[in-house]
Structures are given as structure tokens and as C-alpha cells.
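Structure file structure19.pdb with PDB, C-alpha atoms and all ligand atoms:
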```
ATOM      1  CA  MET L1284     170.244  51.016 335.938
ATOM      2  CA  THR L1285     172.608  49.759 333.258
ATOM      3  CA  ALA L1286     173.425  46.104 332.710
ATOM      4  CA  LYS L1287     177.065  45.191 333.286
ATOM      5  CA  ALA L1288     178.539  43.854 330.045
ATOM      6  CA  THR L1289     179.368  40.138 330.083
ATOM      7  CA  THR L1290     183.120  39.533 329.663
ATOM      8  CA  PRO L1291     183.650  38.259 326.092
ATOM      9  CA  ILE L1292     184.768  34.634 325.715
ATOM     10  CA  THR L1293     188.147  35.083 324.029
ATOM     11  CA  VAL L1294     190.452  32.276 322.888
ATOM     12  CA  ASP L1295     192.916  33.257 325.613
ATOM     13  CA  ARG L1296     190.256  32.920 328.306
ATOM     14  CA  ILE L1297     189.232  29.496 326.969
ATOM     15  CA  ALA L1298     192.844  28.251 326.797
ATOM     16  CA  ASP L1299     193.538  29.504 330.339
ATOM     17  CA  ALA L1300     190.313  27.959 331.678
ATOM     18  CA  VAL L1301     191.167  24.564 330.147
ATOM     19  CA  SER L1302     194.719  24.572 331.573
ATOM     20  CA  ALA L1303     193.526  25.725 335.002
ATOM     21  CA  ALA L1304     190.782  23.087 335.175
ATOM     22  CA  HIS L1305     193.227  20.331 334.271
ATOM     23  CA  ALA L1306     195.861  21.531 336.734
ATOM     24  CA  GLY L1307     193.276  22.120 339.465
ATOM     25  CA  HIS L1308     191.782  18.613 339.402
ATOM     26  CA  ARG L1309     194.723  16.444 338.332
ATOM     27  CA  GLN L1310     195.407  15.344 341.908
ATOM     28  CA  ASN L1311     191.772  14.455 342.686
ATOM     29  CA  ARG L1312     191.766  10.710 343.454
ATOM     30  CA  ARG L1313     188.086  10.302 344.376
ATOM     31  CA  GLY L1314     185.810   7.808 342.634
ATOM     32  CA  LYS L1315     186.266   4.298 341.235
ATOM     33  CA  ASN L1316     186.453   2.887 337.720
ATOM     34  CA  ALA L1317     183.311   1.059 336.561
ATOM     35  CA  SER L1318     183.909  -2.551 337.531
ATOM     36  CA  TYR L1319     180.794  -4.317 336.236
ATOM     37  CA  ILE L1320     182.325  -4.260 332.726
ATOM     38  CA  PRO L1321     185.696  -6.032 333.196
ATOM     39  CA  ALA L1322     187.448  -4.132 330.364
ATOM     40  CA  LEU L1323     186.709  -0.790 332.058
ATOM     41  CA  ALA L1324     187.953  -1.862 335.489
ATOM     42  CA  THR L1325     191.550  -2.153 334.282
ATOM     43  CA  VAL L1326     191.836   1.247 332.542
ATOM     44  CA  ASP L1327     194.478   3.549 334.113
ATOM     45  CA  PRO L1328     192.531   5.694 336.626
ATOM     46  CA  GLN L1329     195.128   8.479 336.349
ATOM     47  CA  LEU L1330     194.132   9.326 332.766
ATOM     48  CA  PHE L1331     192.667  12.801 332.620
ATOM     49  CA  GLY L1332     191.954  14.848 329.489
ATOM     50  CA  VAL L1333     190.108  18.119 328.965
ATOM     51  CA  CYS L1334     189.116  19.797 325.692
ATOM     52  CA  VAL L1335     186.935  22.706 324.610
ATOM     53  CA  ALA L1336     185.756  22.873 320.982
ATOM     54  CA  THR L1337     184.149  26.071 319.720
ATOM     55  CA  VAL L1338     181.457  26.449 317.067
ATOM     56  CA  ASP L1339     184.079  27.870 314.713
ATOM     57  CA  GLY L1340     186.125  24.678 314.971
ATOM     58  CA  GLN L1341     188.927  25.693 317.335
ATOM     59  CA  THR L1342     190.027  23.230 320.023
ATOM     60  CA  PHE L1343     191.838  23.863 323.314
ATOM     61  CA  SER L1344     193.170  20.801 325.142
ATOM     62  CA  ALA L1345     195.050  19.753 328.242
ATOM     63  CA  GLY L1346     196.293  16.425 329.624
ATOM     64  CA  ASP L1347     195.448  13.066 328.043
ATOM     65  CA  SER L1348     193.063  14.574 325.512
ATOM     66  CA  THR L1349     194.129  12.210 322.720
ATOM     67  CA  SER L1350     193.832   8.962 324.746
ATOM     68  CA  GLU L1351     191.015   6.751 323.463
ATOM     69  CA  PHE L1352     188.250   5.553 325.772
ATOM     70  CA  ALA L1353     184.894   3.815 325.443
ATOM     71  CA  LEU L1354     182.045   6.171 324.592
ATOM     72  CA  GLU L1355     179.573   4.106 326.660
ATOM     73  CA  SER L1356     176.361   5.939 327.534
ATOM     74  CA  ILE L1357     177.364   9.103 325.688
ATOM     75  CA  SER L1358     176.528   7.049 322.563
ATOM     76  CA  LYS L1359     172.877   7.304 323.630
ATOM     77  CA  VAL L1360     172.814  10.947 322.542
ATOM     78  CA  PHE L1361     173.794  10.142 318.956
ATOM     79  CA  THR L1362     171.491   7.151 318.542
ATOM     80  CA  ALA L1363     168.652   9.281 319.942
ATOM     81  CA  ALA L1364     169.495  11.992 317.422
ATOM     82  CA  LEU L1365     169.467   9.462 314.573
ATOM     83  CA  ALA L1366     166.149   7.933 315.597
ATOM     84  CA  MET L1367     164.650  11.405 316.073
ATOM     85  CA  GLU L1368     165.763  12.367 312.568
ATOM     86  CA  GLN L1369     164.004   9.314 311.179
ATOM     87  CA  VAL L1370     160.730   9.207 313.130
ATOM     88  CA  GLY L1371     160.417  12.929 313.922
ATOM     89  CA  PRO L1372     160.558  14.591 317.344
ATOM     90  CA  ARG L1373     156.839  14.119 318.208
ATOM     91  CA  GLU L1374     156.862  10.404 317.553
ATOM     92  CA  PHE L1375     160.209  10.085 319.304
ATOM     93  CA  ARG L1376     158.887  11.728 322.463
ATOM     94  CA  ARG L1377     155.763   9.560 322.354
ATOM     95  CA  LYS L1378     157.710   6.331 321.967
ATOM     96  CA  VAL L1379     160.750   7.085 324.128
ATOM     97  CA  GLY L1380     160.086  10.149 326.292
ATOM     98  CA  ALA L1381     161.807  13.272 327.582
ATOM     99  CA  ASP L1382     161.630  13.029 331.352
ATOM    100  CA  PRO L1383     164.095  11.971 334.028
ATOM    101  CA  THR L1384     163.400   8.588 335.603
ATOM    102  CA  GLY L1385     164.806   9.489 339.023
ATOM    103  CA  ALA L1386     166.461   6.072 339.085
ATOM    104  CA  ALA L1387     169.723   4.396 338.074
ATOM    105  CA  PHE L1388     170.611   4.200 334.376
ATOM    106  CA  ASN L1389     169.749   0.496 334.179
ATOM    107  CA  SER L1390     166.677   0.563 336.425
ATOM    108  CA  VAL L1391     163.925  -1.988 335.859
ATOM    109  CA  LEU L1392     161.860  -0.369 338.602
ATOM    110  CA  ALA L1393     161.705   2.848 336.542
ATOM    111  CA  LEU L1394     160.009   0.901 333.736
ATOM    112  CA  GLU L1395     157.545  -0.648 336.176
ATOM    113  CA  LEU L1396     156.679   2.770 337.566
ATOM    114  CA  HIS L1397     155.984   4.294 334.143
ATOM    115  CA  ASN L1398     153.840   1.646 332.419
ATOM    116  CA  ASP L1399     156.936   0.253 330.668
ATOM    117  CA  LYS L1400     157.688   3.567 328.926
ATOM    118  CA  PRO L1401     161.454   4.208 329.029
ATOM    119  CA  MET L1402     160.914   7.989 329.693
ATOM    120  CA  SER L1403     164.335   9.033 328.334
ATOM    121  CA  PRO L1404     166.620   7.887 325.493
ATOM    122  CA  LEU L1405     169.545   8.476 327.878
ATOM    123  CA  VAL L1406     168.830   5.539 330.177
ATOM    124  CA  ASN L1407     169.526   1.991 329.015
ATOM    125  CA  ALA L1408     165.870   1.167 328.316
ATOM    126  CA  GLY L1409     165.277   4.286 326.213
ATOM    127  CA  ALA L1410     168.587   3.834 324.422
ATOM    128  CA  MET L1411     167.553   0.349 323.322
ATOM    129  CA  THR L1412     164.133   1.649 322.234
ATOM    130  CA  ALA L1413     165.901   4.403 320.259
ATOM    131  CA  ALA L1414     168.220   1.850 318.613
ATOM    132  CA  SER L1415     165.166  -0.243 317.686
ATOM    133  CA  LEU L1416     163.484   2.799 316.090
ATOM    134  CA  VAL L1417     166.305   3.282 313.567
ATOM    135  CA  SER L1418     164.885   2.238 310.220
ATOM    136  CA  ALA L1419     167.084  -0.639 309.035
ATOM    137  CA  ILE L1420     166.851  -3.698 306.802
ATOM    138  CA  ASP L1421     168.901  -5.824 309.199
ATOM    139  CA  ALA L1422     171.239  -5.640 312.206
ATOM    140  CA  GLU L1423     174.252  -4.824 310.053
ATOM    141  CA  ASP L1424     172.437  -1.899 308.449
ATOM    142  CA  ARG L1425     171.285  -0.625 311.882
ATOM    143  CA  TRP L1426     174.840  -0.807 313.218
ATOM    144  CA  ARG L1427     176.279   0.868 310.105
ATOM    145  CA  GLN L1428     173.941   3.862 310.530
ATOM    146  CA  ILE L1429     174.687   4.217 314.244
ATOM    147  CA  LEU L1430     178.442   4.095 313.679
ATOM    148  CA  GLN L1431     178.027   6.560 310.814
ATOM    149  CA  ILE L1432     176.226   9.140 312.936
ATOM    150  CA  GLN L1433     178.880   8.868 315.666
ATOM    151  CA  SER L1434     181.502   9.407 312.950
ATOM    152  CA  ASP L1435     179.605  12.367 311.471
ATOM    153  CA  PHE L1436     179.387  14.007 314.891
ATOM    154  CA  ALA L1437     183.112  13.434 315.465
ATOM    155  CA  GLY L1438     184.120  14.448 311.936
ATOM    156  CA  HIS L1439     186.096  11.281 311.171
ATOM    157  CA  PRO L1440     185.468   7.504 311.128
ATOM    158  CA  ILE L1441     184.943   6.144 314.635
ATOM    159  CA  SER L1442     186.038   2.574 315.340
ATOM    160  CA  VAL L1443     184.746   0.006 317.774
ATOM    161  CA  SER L1444     186.851  -1.820 320.365
ATOM    162  CA  GLU L1445     186.363  -5.548 319.857
ATOM    163  CA  GLN L1446     187.807  -6.150 323.338
ATOM    164  CA  ILE L1447     185.272  -3.876 325.053
ATOM    165  CA  THR L1448     182.393  -5.213 322.934
ATOM    166  CA  ALA L1449     183.321  -8.754 323.955
ATOM    167  CA  SER L1450     183.593  -7.743 327.610
ATOM    168  CA  GLU L1451     180.197  -6.018 327.526
ATOM    169  CA  ARG L1452     178.525  -8.837 325.575
ATOM    170  CA  ALA L1453     179.722 -11.307 328.195
ATOM    171  CA  THR L1454     178.150  -9.301 331.013
ATOM    172  CA  ASN L1455     175.062  -7.529 329.575
ATOM    173  CA  PHE L1456     172.382  -9.880 330.961
ATOM    174  CA  HIS L1457     170.595  -7.097 332.820
ATOM    175  CA  ASN L1458     170.279  -5.088 329.597
ATOM    176  CA  ARG L1459     168.984  -8.161 327.773
ATOM    177  CA  ALA L1460     166.267  -8.483 330.416
ATOM    178  CA  ILE L1461     165.340  -4.814 329.947
ATOM    179  CA  ALA L1462     165.077  -5.344 326.170
ATOM    180  CA  TRP L1463     162.608  -8.203 326.666
ATOM    181  CA  LEU L1464     160.588  -6.099 329.127
ATOM    182  CA  LEU L1465     160.420  -3.331 326.537
ATOM    183  CA  LEU L1466     159.014  -5.828 324.034
ATOM    184  CA  CYS L1467     156.338  -6.910 326.543
ATOM    185  CA  GLY L1468     155.456  -3.274 327.196
ATOM    186  CA  GLY L1469     155.202  -2.302 323.498
ATOM    187  CA  TYR L1470     158.295  -0.078 323.369
ATOM    188  CA  MET L1471     160.600  -2.279 321.276
ATOM    189  CA  TYR L1472     160.488  -1.886 317.473
ATOM    190  CA  CYS L1473     162.895  -4.567 316.281
ATOM    191  CA  ASP L1474     164.135  -7.887 317.613
ATOM    192  CA  PRO L1475     164.975  -7.135 321.288
ATOM    193  CA  MET L1476     168.284  -9.014 321.238
ATOM    194  CA  GLU L1477     169.277  -7.139 318.085
ATOM    195  CA  ALA L1478     168.563  -3.801 319.802
ATOM    196  CA  CYS L1479     170.456  -4.885 322.912
ATOM    197  CA  ASP L1480     173.454  -6.062 320.925
ATOM    198  CA  ILE L1481     173.556  -2.883 318.828
ATOM    199  CA  TYR L1482     173.339  -0.831 322.033
ATOM    200  CA  THR L1483     176.206  -2.904 323.489
ATOM    201  CA  GLN L1484     178.317  -2.195 320.400
ATOM    202  CA  GLN L1485     177.495   1.523 320.270
ATOM    203  CA  CYS L1486     178.790   1.809 323.872
ATOM    204  CA  SER L1487     182.067   0.129 322.870
ATOM    205  CA  THR L1488     183.257   2.640 320.291
ATOM    206  CA  LEU L1489     186.464   4.560 320.998
ATOM    207  CA  VAL L1490     186.781   8.331 321.136
ATOM    208  CA  THR L1491     189.275  10.837 322.479
ATOM    209  CA  THR L1492     188.410  13.849 324.609
ATOM    210  CA  VAL L1493     189.009  16.006 321.525
ATOM    211  CA  ASP L1494     186.520  13.877 319.514
ATOM    212  CA  LEU L1495     183.995  14.204 322.288
ATOM    213  CA  ALA L1496     184.371  17.984 322.378
ATOM    214  CA  ILE L1497     183.808  18.159 318.609
ATOM    215  CA  MET L1498     180.760  15.886 318.905
ATOM    216  CA  GLY L1499     179.372  18.313 321.479
ATOM    217  CA  ALA L1500     180.359  21.326 319.391
ATOM    218  CA  THR L1501     178.296  19.886 316.524
ATOM    219  CA  LEU L1502     175.258  20.218 318.791
ATOM    220  CA  ALA L1503     176.394  23.658 319.980
ATOM    221  CA  ASN L1504     176.673  24.623 316.303
ATOM    222  CA  GLY L1505     173.042  23.772 315.516
ATOM    223  CA  GLY L1506     173.742  20.303 314.093
ATOM    224  CA  ILE L1507     176.611  21.220 311.715
ATOM    225  CA  ASN L1508     180.030  19.721 312.462
ATOM    226  CA  PRO L1509     182.324  22.751 312.871
ATOM    227  CA  ILE L1510     185.349  20.881 311.443
ATOM    228  CA  THR L1511     183.795  19.196 308.384
ATOM    229  CA  ASP L1512     180.932  21.677 307.868
ATOM    230  CA  LYS L1513     178.615  18.695 307.302
ATOM    231  CA  ARG L1514     175.039  18.998 308.557
ATOM    232  CA  VAL L1515     174.673  15.981 310.831
ATOM    233  CA  ILE L1516     171.154  16.500 312.195
ATOM    234  CA  ALA L1517     168.362  18.964 311.455
ATOM    235  CA  HIS L1518     168.596  22.273 313.279
ATOM    236  CA  ALA L1519     165.045  21.723 314.561
ATOM    237  CA  ASN L1520     166.076  18.547 316.389
ATOM    238  CA  VAL L1521     169.088  20.010 318.201
ATOM    239  CA  SER L1522     167.038  21.703 320.929
ATOM    240  CA  HIS L1523     165.187  18.426 321.574
ATOM    241  CA  VAL L1524     168.443  16.485 321.898
ATOM    242  CA  LEU L1525     169.839  19.128 324.259
ATOM    243  CA  ALA L1526     166.633  19.041 326.321
ATOM    244  CA  GLU L1527     167.021  15.284 326.728
ATOM    245  CA  MET L1528     170.604  15.847 327.911
ATOM    246  CA  ALA L1529     169.494  18.523 330.375
ATOM    247  CA  MET L1530     166.846  16.218 331.844
ATOM    248  CA  GLU L1531     168.766  12.949 332.204
ATOM    249  CA  GLY L1532     172.343  13.391 330.991
ATOM    250  CA  LEU L1533     173.918  12.643 334.368
ATOM    251  CA  TYR L1534     171.240  10.217 335.587
ATOM    252  CA  THR L1535     170.400  10.843 339.233
ATOM    253  CA  GLY L1536     173.011  13.615 339.208
ATOM    254  CA  SER L1537     171.139  15.571 336.488
ATOM    255  CA  GLY L1538     169.258  17.932 338.799
ATOM    256  CA  ASP L1539     172.344  18.803 340.840
ATOM    257  CA  TRP L1540     174.218  19.378 337.582
ATOM    258  CA  ALA L1541     171.512  21.758 336.317
ATOM    259  CA  TYR L1542     171.562  23.573 339.658
ATOM    260  CA  THR L1543     175.324  23.978 339.818
ATOM    261  CA  VAL L1544     176.448  24.111 336.165
ATOM    262  CA  GLY L1545     173.344  24.714 334.058
ATOM    263  CA  LEU L1546     174.461  23.118 330.785
ATOM    264  CA  PRO L1547     173.035  20.093 328.933
ATOM    265  CA  ALA L1548     175.556  17.285 329.295
ATOM    266  CA  LYS L1549     176.034  13.538 328.954
ATOM    267  CA  SER L1550     178.239  11.105 330.833
ATOM    268  CA  GLY L1551     179.432   7.565 330.197
ATOM    269  CA  VAL L1552     180.803   4.908 332.535
ATOM    270  CA  GLY L1553     184.016   4.907 330.483
ATOM    271  CA  GLY L1554     184.756   8.233 332.223
ATOM    272  CA  GLY L1555     183.766  10.657 329.454
ATOM    273  CA  LEU L1556     181.525  13.679 329.954
ATOM    274  CA  VAL L1557     180.508  16.384 327.483
ATOM    275  CA  ALA L1558     178.606  19.602 328.156
ATOM    276  CA  VAL L1559     177.148  21.882 325.498
ATOM    277  CA  SER L1560     176.898  25.663 325.581
ATOM    278  CA  PRO L1561     174.469  26.283 322.686
ATOM    279  CA  GLY L1562     175.769  28.657 320.031
ATOM    280  CA  LYS L1563     179.202  28.827 321.666
ATOM    281  CA  LEU L1564     181.173  25.686 322.441
ATOM    282  CA  ALA L1565     181.326  22.262 324.022
ATOM    283  CA  ILE L1566     183.466  21.183 326.957
ATOM    284  CA  ALA L1567     184.591  17.542 327.178
ATOM    285  CA  ALA L1568     186.577  15.809 329.872
ATOM    286  CA  TYR L1569     187.689  12.254 330.511
ATOM    287  CA  SER L1570     188.816  10.470 333.652
ATOM    288  CA  PRO L1571     187.768   6.878 334.503
ATOM    289  CA  PRO L1572     186.947   7.063 338.253
ATOM    290  CA  LEU L1573     183.182   7.530 338.757
ATOM    291  CA  ASP L1574     180.905   8.697 341.543
ATOM    292  CA  GLU L1575     177.926   6.708 342.863
ATOM    293  CA  ALA L1576     175.643   7.860 340.032
ATOM    294  CA  GLY L1577     178.128   6.622 337.387
ATOM    295  CA  ASN L1578     179.539  10.035 336.407
ATOM    296  CA  SER L1579     183.276  10.807 336.186
ATOM    297  CA  VAL L1580     184.438  12.691 339.276
ATOM    298  CA  ARG L1581     187.260  14.665 337.677
ATOM    299  CA  ALA L1582     185.380  15.290 334.420
ATOM    300  CA  GLN L1583     182.495  16.839 336.366
ATOM    301  CA  ALA L1584     184.887  18.979 338.393
ATOM    302  CA  ALA L1585     186.849  20.191 335.355
ATOM    303  CA  ILE L1586     183.766  21.007 333.280
ATOM    304  CA  THR L1587     182.130  22.760 336.219
ATOM    305  CA  GLN L1588     185.203  24.943 336.689
ATOM    306  CA  ILE L1589     185.413  25.864 332.988
ATOM    307  CA  ALA L1590     181.679  26.611 332.767
ATOM    308  CA  HIS L1591     181.894  28.844 335.827
ATOM    309  CA  THR L1592     185.067  30.605 334.670
ATOM    310  CA  LEU L1593     183.540  31.402 331.287
ATOM    311  CA  GLY L1594     180.089  32.166 332.717
ATOM    312  CA  LEU L1595     178.315  29.654 330.473
ATOM    313  CA  GLY L1596     175.376  28.431 332.598
ATOM    314  CA  LEU L1597     172.107  28.662 330.657
ATOM    315  CA  PHE L1598     170.281  30.000 333.681
ATOM    316  CA  ASN L1599     172.757  32.825 334.282
ATOM    317  CA  THR L1600     171.448  36.373 334.029
ATOM    318  CA  GLU L1601     173.518  39.527 333.866
ATOM    319  CA  ARG L1602     174.084  41.251 337.200
ATOM    320  CA  ARG L1603     172.376  44.614 337.369
ATOM    321  CA  ASP L1604     173.708  45.934 340.678
TER
HETATM  322  O1  LIG L1701     174.674  -0.348 329.544
HETATM  323  C1  LIG L1701     175.751  -0.315 330.122
HETATM  324  O2  LIG L1701     175.858  -0.825 331.202
HETATM  325  C2  LIG L1701     176.969   0.377 329.512
HETATM  326  N1  LIG L1701     177.348  -0.192 328.296
HETATM  327  C3  LIG L1701     176.798   1.849 329.441
HETATM  328  C4  LIG L1701     176.254   2.474 330.675
HETATM  329  C5  LIG L1701     176.729   3.843 330.973
HETATM  330  O3  LIG L1701     177.675   4.354 330.404
HETATM  331  C6  LIG L1701     176.053   4.524 332.082
HETATM  332  N2  LIG L1701     176.662   5.795 332.303
HETATM  333  N3  LIG L1701     177.077   6.496 333.047
END
```
Output the structure of this file as C-alpha cells.
Amino acid sequence: MTAKATTPITVDRIADAVSAAHAGHRQNRRGKNASYIPALATVDPQLFGVCVATVDGQTFSAGDSTSEFALESISKVFTAALAMEQVGPREFRRKVGADPTGAAFNSVLALELHNDKPMSPLVNAGAMTAASLVSAIDAEDRWRQILQIQSDFAGHPISVSEQITASERATNFHNRAIAWLLLCGGYMYCDPMEACDIYTQQCSTLVTTVDLAIMGATLANGGINPITDKRVIAHANVSHVLAEMAMEGLYTGSGDWAYTVGLPAKSGVGGGLVAVSPGKLAIAAYSPPLDEAGNSVRAQAAITQIAHTLGLGLFNTERRD
């Protein structure tokens, strides 16, 4: 029996897949903007951008791919990467974890069930632990490093929205409670309100769908930004970051995502979603309306379609019949 050759991923196929995914899901009106952060509730729900960035630095976009939106929980990936670089992957897994919680992204119950261990850097608790693990002389230094790593992943300076930061700061009481619980449980490594505030700010930075695709492509490219050629994180840490994304990147939707798409990915309540095909490319999409788990409806649909069209799922095997 001979294996059937996989169809090569050409630039034409990528460009067609991006256009088709945008056209195919533009009319989808399901989902609702996040409303618990007032600044997100008023964003135009029609916005919809799609972009693929390859490991050789090419980008293919459709729709509102240059509209800025709040990075939100996708920021957790980059803060996790930074903390992992500084404390090493073993210590990071011991202090934060690499398992799904099976609960909502801001669950207190998940902490209770796991002896106060956050389990994943991609839920709010673990993201605040990760922020607290960044080695810093003060809050300003911690924030500077976190903004710098987001910028290095994107390949240009990333800015923060003061309006979204203010809106989040005015409503982040639940996260403040989680930060104090982490201190009680021994999983908080700086002042808990500093970690919570830094986490709040890191969620409020602005990116475009193109930025997000390049951030993902930096992971796909083994930690080197394909536009700037700068090494952003150690090659050895990339697989750990991608494993975290595979386990918890879409919260309670992570298992279904693995089953149907099979790519490590991360969502944010701003409407962004990025999926990584290691060694090949990243697919990013943005659309504010979310499903029950807090993941963008249209972004999931568009990325799923592109991943299927290009045959990118990590669990795919070649057909032999
Ligand atoms: O902690 C929060 O509530 C937000 N700043 C971010 C949460 C988030 O993006 C969850 N993602 N889907």
C-alpha cells in the first residue's frame, strides 16, 4: 500500500482558504459581545477579520484584519512564555500547572478543587500567578517586561488602551478575590494586587488580527518572529507553551476544539482567537460575539474552516486506502 501524498500548502491555497472562510462566516450573527467589561459591550459586533501568517513571514488577510481590539486572555500566552523563560519549564509547571480546570476561566471553585493550584496559566488564576513569577524590581518593571514580550511576539511596539484598562479596573473585583486566594494558597509570588493590576493591563493591550497571526506565527516558527527574525523565547519552551494552549486555550471548549480542529489555540473575550500549526503557520480571527464558554463564534468557525481546508490538524494521519 502506498501513502497518498498530502496536498502541499501553497500560497494560493492559503489565500483562497482565508477569503472563503471570511465570506462563509460573515453573515453568522450568533453569539454576544462580552458585557461584564463595559468597554467590550459597545464594540461593533459586525467586525470580522481573518489572517494567516506563515513561518516565512507572509500574511494573507480578509475583512477587518487591521481593526484593533483588546487582546484580553490571549495575553496569558505571552506572560506564561515570559515567566517560563525566567523560572524554567519545570518550575513553571510546578507553580502554575499544565492541566485543564474543566471550569470557567474565572472559576474560584477550580482553585478549591485543586488545593489552590491554578492548574493552567491560561485561566485567570494561573495568569495572575504567571504575572507574579516575572522577576521584577517593581510593578512598572513587571509591566514593562510584559508589554515588551507582547511587542516582541507581534514584531512592533504594542500599546495599551487606557479606556479598556479603566473599564476593566472598575469591574475586576472577582479577579482581585482570586489573587488574594492565590496568596493564601501559596501560589502568588508578588503583591497580589500588583499581579491583578498587571494582569488587568496586559488584557487591555490593542492588537489587530494581523498582529495576532504574527504572534502565533512566532510560536509556529519555534520562538523566532518571522518578520523581525528576533528570537523571542527559547525553542525548548515553545512546545510547552503550545501544550498549555492545547489543554486550556478555549476553556471549557478546549476538548471539543482538539476533537474538531486539533490545533493549539487561545481565545480572548475581546473576540480574538489564534491557532498555531507548528512549523507551518498561524491562523488568527477576530469577531466580538462570543459563545457560552467565552470564545468568539465567527473566529472559531473561520479558523476551523481554514484548518480543515489546509489539512492542518495535529492528529491527522495520511489516508492509506
Ligand atoms: O479577566 C478577565 O475577565 C478579562 N480581562 C479577560 C478574560 C478573557 O479574555 C477570557 N477569555 N475568553
Skipping near chain neighbours, those fewer than 6 positions away, what residues fall within 10 Å of L:Ala1449 using only C-alpha atoms, listed as a VMD selection string?
-> chain L and resid 1320 to 1322 1483 to 1484 1487
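Here the question is which of L:Gly1307, L:Pro1401, L:Gly1562, L:Gly1538 gets nearest to L:Ile1589 using all atoms listed in the file, and that residue is L:Gly1307.
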Care to translate the PyMOL selection byres (((chain L and resi 1343) around 12) and not hetatm) into actual residues of this file, as a PyMOL selection string?
-> chain L and resi 1293-1305+1332-1337+1340-1342+1344-1346+1348-1349+1492-1494+1496-1497+1564-1568+1589
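Within the 12 Å cut-off around L:Leu1464, using all atoms listed in the file and omitting residues fewer than 4 positions from it on the same chain, the listed residues are Ser1390, Val1391, Leu1392, Ala1393, Leu1394, Glu1395, Asn1398, Asp1399, Lys1400, Pro1401, Ala1408, Gly1409, Met1411, Thr1412, His1457, Asn1458, Arg1459, Ala1460, Gly1468, Gly1469, Tyr1470, Met1471, Pro1475, Met1476 and Cys1479 of chain L.
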Nearest-residue call for L:Ile1510, choices L:Ala1437, L:Leu1595, L:Ile1292, L:Ile1481, using only C-alpha atoms =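 When distances to L:Ile1510 are compared using only C-alpha atoms, the smallest one comes from L:Ala1437.
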Kindly complete stretch 1323-1339 of chain L to N, CA, C and O atoms; the output should be written as a short mmCIF file (atom, residue, chain, number, x, y, z; two decimals), in the coordinates of the input.
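Output contents, as saved in rebuild.cif:
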```
data_model
loop_
_atom_site.label_atom_id
_atom_site.label_comp_id
_atom_site.auth_asym_id
_atom_site.auth_seq_id
_atom_site.Cartn_x
_atom_site.Cartn_y
_atom_site.Cartn_z
N LEU L 1323 186.61 -2.17 331.56
CA LEU L 1323 186.71 -0.79 332.06
C LEU L 1323 187.45 -0.73 333.40
O LEU L 1323 188.05 0.28 333.75
N ALA L 1324 187.37 -1.84 334.14
CA ALA L 1324 187.95 -1.86 335.49
C ALA L 1324 189.46 -1.70 335.45
O ALA L 1324 190.06 -1.19 336.40
N THR L 1325 190.08 -2.13 334.34
CA THR L 1325 191.55 -2.15 334.28
C THR L 1325 192.15 -0.92 333.59
O THR L 1325 193.36 -0.83 333.43
N VAL L 1326 191.31 0.03 333.19
CA VAL L 1326 191.84 1.25 332.54
C VAL L 1326 192.57 2.09 333.60
O VAL L 1326 192.14 2.15 334.76
N ASP L 1327 193.67 2.73 333.19
CA ASP L 1327 194.48 3.55 334.11
C ASP L 1327 193.62 4.69 334.70
O ASP L 1327 193.21 5.59 333.97
N PRO L 1328 193.40 4.66 336.02
CA PRO L 1328 192.53 5.69 336.63
C PRO L 1328 193.15 7.09 336.64
O PRO L 1328 192.46 8.07 336.90
N GLN L 1329 194.46 7.16 336.35
CA GLN L 1329 195.13 8.48 336.35
C GLN L 1329 194.83 9.29 335.09
O GLN L 1329 195.06 10.49 335.06
N LEU L 1330 194.35 8.61 334.03
CA LEU L 1330 194.13 9.33 332.77
C LEU L 1330 193.16 10.48 332.98
O LEU L 1330 192.13 10.32 333.65
N PHE L 1331 193.49 11.62 332.40
CA PHE L 1331 192.67 12.80 332.62
C PHE L 1331 192.88 13.77 331.44
O PHE L 1331 193.98 14.31 331.27
N GLY L 1332 191.87 13.94 330.63
CA GLY L 1332 191.95 14.85 329.49
C GLY L 1332 190.83 15.87 329.54
O GLY L 1332 189.75 15.59 330.06
N VAL L 1333 191.11 17.05 329.02
CA VAL L 1333 190.11 18.12 328.96
C VAL L 1333 190.21 18.77 327.59
O VAL L 1333 191.32 18.95 327.07
N CYS L 1334 189.08 19.10 326.98
CA CYS L 1334 189.12 19.80 325.69
C CYS L 1334 187.86 20.66 325.53
O CYS L 1334 186.76 20.22 325.83
N VAL L 1335 188.05 21.85 325.04
CA VAL L 1335 186.94 22.71 324.61
C VAL L 1335 187.00 22.81 323.09
O VAL L 1335 188.08 23.00 322.53
N ALA L 1336 185.85 22.64 322.43
CA ALA L 1336 185.76 22.87 320.98
C ALA L 1336 184.71 23.95 320.75
O ALA L 1336 183.61 23.89 321.30
N THR L 1337 185.07 24.95 319.96
CA THR L 1337 184.15 26.07 319.72
C THR L 1337 183.35 25.84 318.44
O THR L 1337 183.70 24.99 317.61
N VAL L 1338 182.30 26.63 318.25
CA VAL L 1338 181.46 26.45 317.07
C VAL L 1338 182.17 26.90 315.79
O VAL L 1338 181.69 26.61 314.69
N ASP L 1339 183.32 27.58 315.94
CA ASP L 1339 184.08 27.87 314.71
C ASP L 1339 185.24 26.89 314.53
O ASP L 1339 186.16 27.13 313.74
#
```
